[in-house]
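Just below is one structure, and these are the notes that go with it.
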There are 4 protein chains.
Amino acid sequence: MSDEMACVEAGRNVFERDPFARLLGMELVRVGCGTAVVRMTVDEQHRNGVGTVHGGVLFSLADVAFAVAGNSRGVLAVALNVSITFVKGIRGGVIEAVAREVSLGPRVATYDVTVTDESGEPLALFHGLAYRKRQR
Amino acid sequence: MSDEMACVEAGRNVFERDPFARLLGMELVRVGCGTAVVRMTVDEQHRNGVGTVHGGVLFSLADVAFAVAGNSRGVLAVALNVSITFVKGIRGGVIEAVAREVSLGPRVATYDVTVTDESGEPLALFHGLAYRKRQR
Amino acid sequence: MSDEMACVEAGRNVFERDPFARLLGMELVRVGCGTAVVRMTVDEQHRNGVGTVHGGVLFSLADVAFAVAGNSRGVLAVALNVSITFVKGIRGGVIEAVAREVSLGPRVATYDVTVTDESGEPLALFHGLAYRKRQR
Amino acid sequence: MSDEMACVEAGRNVFERDPFARLLGMELVRVGCGTAVVRMTVDEQHRNGVGTVHGGVLFSLADVAFAVAGNSRGVLAVALNVSITFVKGIRGGVIEAVAREVSLGPRVATYDVTVTDESGEPLALFHGLAYRKRQR
């Protein structure tokens with residue numbers, strides 16, 4: 001199996017075993033070595049108390065993309081820290097999270113994830129730090 | 001109405017209008033001026049692809065406590081940035097988020113939220129920065 | 001004066017009035033609308049207690065690039081929050097911080113700054129959130 | 001040697017080998033197991049381009065307290081990630097950073113550091129994540 005195919009398989013496995021991603025209706029759009037794209041449709045039930053899409057939903061979508069990208073290398077990667085900045089609020093529609101690897105060390109790797117709305121405008125900027133465990 | 005009672009009412013309003021908090025089964029335990037406690041029970045559907053409680057669930061619970069505490073002052077507060085560190089993974093049970101105000105300025109306020117498991121052990125440390133809008 | 005020239009002038013002004021940047025021997029390499037490159041040479045005096053370049057030095061260099069980029073628009077921008085991840089330690093040499101604007105709103109703007117060593121390898125990833133005040 | 005005395009010695013060692021802390025005129029006030037207090041006087045040369053104490057100085061002071069607290073356990077701890085929020089600007093005076101351990105795991109530990117002015121008002125809130133290496 002090629003490296004790229006192994007990444008696709010490892011990333012997809014993590015996504016498919018994720019019940020919370022399923023509960024929120026997420027769809028895995030694409031996965032590669034260190035990258036992932038995840039999408040979902042947000043409506044009334046995904047809003048917060050001020051009427052916009054919940055920070056927890058934006059975070060969760062980005063976090064799933066982060067987990068898929070981070071685990072695509074075939075080494076168990078767990079989130080240590082995330083910084084997320086909310087740049088624009090919306091009320092609904094299709095949102096997408098694109099994750100890319102920024103650095104990859106033996107124990108630590110970092111990922112940038114951008115969540116955008118249908119027009120491609122950024123809603124949230126997510127920066128994740130993962131710890132890579134020795135064995136799967 | 002006393003200040004404290006006004007905080008309780010403003011915080012509770014934000015919680016009650018939050019459909020995502022309801023979707024995840026969160027319960028508002030306590031609210032005061034700049035503080036909030038929110039609780040939920042996590043089970044199989046709240047796990048991630050590696051079998052522990054989803055980062056998105058821990059974030060969401062903390063984010064709701066942050067929103068309630070931040071809006072308890074009667075001024076619309078929206079999240080600008082959050083840093084979250086995951087310190088321990090669990091598989092299920094009752095989890096609780098306790099939010100407290102660390103600084104309160106005219107435009108910006110900061111909150112620390114700790115998410116703990118049933119034994120009081122910290123699972124996630126959440127630091128939120130809110131922007132306070134001029135009018136509700 | 002063209003927009004670009006106005007940005008260069010505004011950004012350079014902030015750099016030239018920064019005594020701490022001078023104390024550390026920083027040099028402004030380039031500035032544009034929402035972008036800046038700042039450089040310095042690090043040696044023994046810039047190390048920490050474990051013998052590598054001090055986190056405070058890497059942060060300071062990135063912070064100056066952030067301030068120059070953020071203020072290049074001619075609106076006073078102050079740092080609200082920064083998340084910095086340290087990905088590689090070095091002992092000395094020339095280091096460079098490159099800042100670019102990621103989002104620009106009326107009150108809030110975000111910047112990514114990467115600090116690299118002489119070979120272009122990332123040492124630190126800096127994500128800054130600035131609050132833009134109404135008048136200069 | 002008691003545990004507490006071992007912590008004091010390990011923390012002090014890290015501080016004394018830190019040339020950048022010396023360059024900025026920092027003073028180690030106190031150290032214990034997982035805690036540290038560091039102080040410095042800030043004047044004109046420590047300001048930024050808008051006339052207040054430089055973010056890099058506030059970060060550096062907090063970072064030194066973080067390093068002393070983190071290394072007080074006798075295990076080499078290196079900074080992985082820091083989130084810092086700036087809550088108040090000042091022009092000069094004595095500033096103090098107080099670090100305390102929030103969580104301590106085998107590989108990862110977290111520290112909160114608050115930087116205050118002479119009247120005890122918070123200037124910056126610093127949250128640090130350290131990676132603990134296997135051997136010193």
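Chain labels follow the order of the structure tokens: the first chain is A, the next B, and so on; residue numbering restarts at 1 in every chain, and ligands are counted from 1 in their shown order.
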
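Using only C-alpha atoms, the chain A residues found within 6 Å of chain B amount to Val14, Arg17, Asp18, Pro19, Phe20, Gln45, His46, Arg47, Asn48, Gly49, Gly56, Ser60, Leu80, Asn81, Val82, Ser83, Ile84, Thr85 and Phe86 of chain A.
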
Writing out the chosen residues with C-alpha atoms as an mmCIF file, in the first residue's frame:
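part22.cif, written as the output of this step:
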data_model
loop_
_atom_site.group_PDB
_atom_site.id
_atom_site.type_symbol
_atom_site.label_atom_id
_atom_site.label_comp_id
_atom_site.auth_asym_id
_atom_site.auth_seq_id
_atom_site.Cartn_x
_atom_site.Cartn_y
_atom_site.Cartn_z
ATOM 1 C CA VAL A 14 -10.470 7.531 13.090
ATOM 2 C CA ARG A 17 -15.021 5.316 14.849
ATOM 3 C CA ASP A 18 -16.094 8.816 15.994
ATOM 4 C CA PRO A 19 -19.708 8.678 17.253
ATOM 5 C CA PHE A 20 -19.828 12.376 18.131
ATOM 6 C CA GLN A 45 -30.297 23.181 16.885
ATOM 7 C CA HIS A 46 -26.617 24.120 16.444
ATOM 8 C CA ARG A 47 -27.001 27.691 17.645
ATOM 9 C CA ASN A 48 -25.990 29.306 20.922
ATOM 10 C CA GLY A 49 -27.968 31.581 23.213
ATOM 11 C CA GLY A 56 -18.822 24.298 20.422
ATOM 12 C CA SER A 60 -16.033 20.236 17.180
ATOM 13 C CA LEU A 80 -2.850 18.542 24.009
ATOM 14 C CA ASN A 81 -3.836 22.146 23.374
ATOM 15 C CA VAL A 82 -5.961 24.162 20.992
ATOM 16 C CA SER A 83 -6.224 27.901 20.482
ATOM 17 C CA ILE A 84 -9.331 28.961 18.582
ATOM 18 C CA THR A 85 -10.274 32.465 17.438
ATOM 19 C CA PHE A 86 -13.799 33.270 16.311
#

Which of chain C fall in strand (DSSP E or B), as a PyMOL selection string: chain C and resi 27-32+35-42+47+53+77-86+93-104+108-116+122-132

Filtered DSSP result for chain A, state helix (DSSP H, G or I), as an NGL selection string: :A and (3-16 or 19-23 or 44-46 or 55-71)

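The shortest atom-to-atom distance to D:Leu104, with only C-alpha atoms taken into account, belongs to D:Arg73 out of D:Arg73, D:Gly25, D:Gly92, D:Met1.
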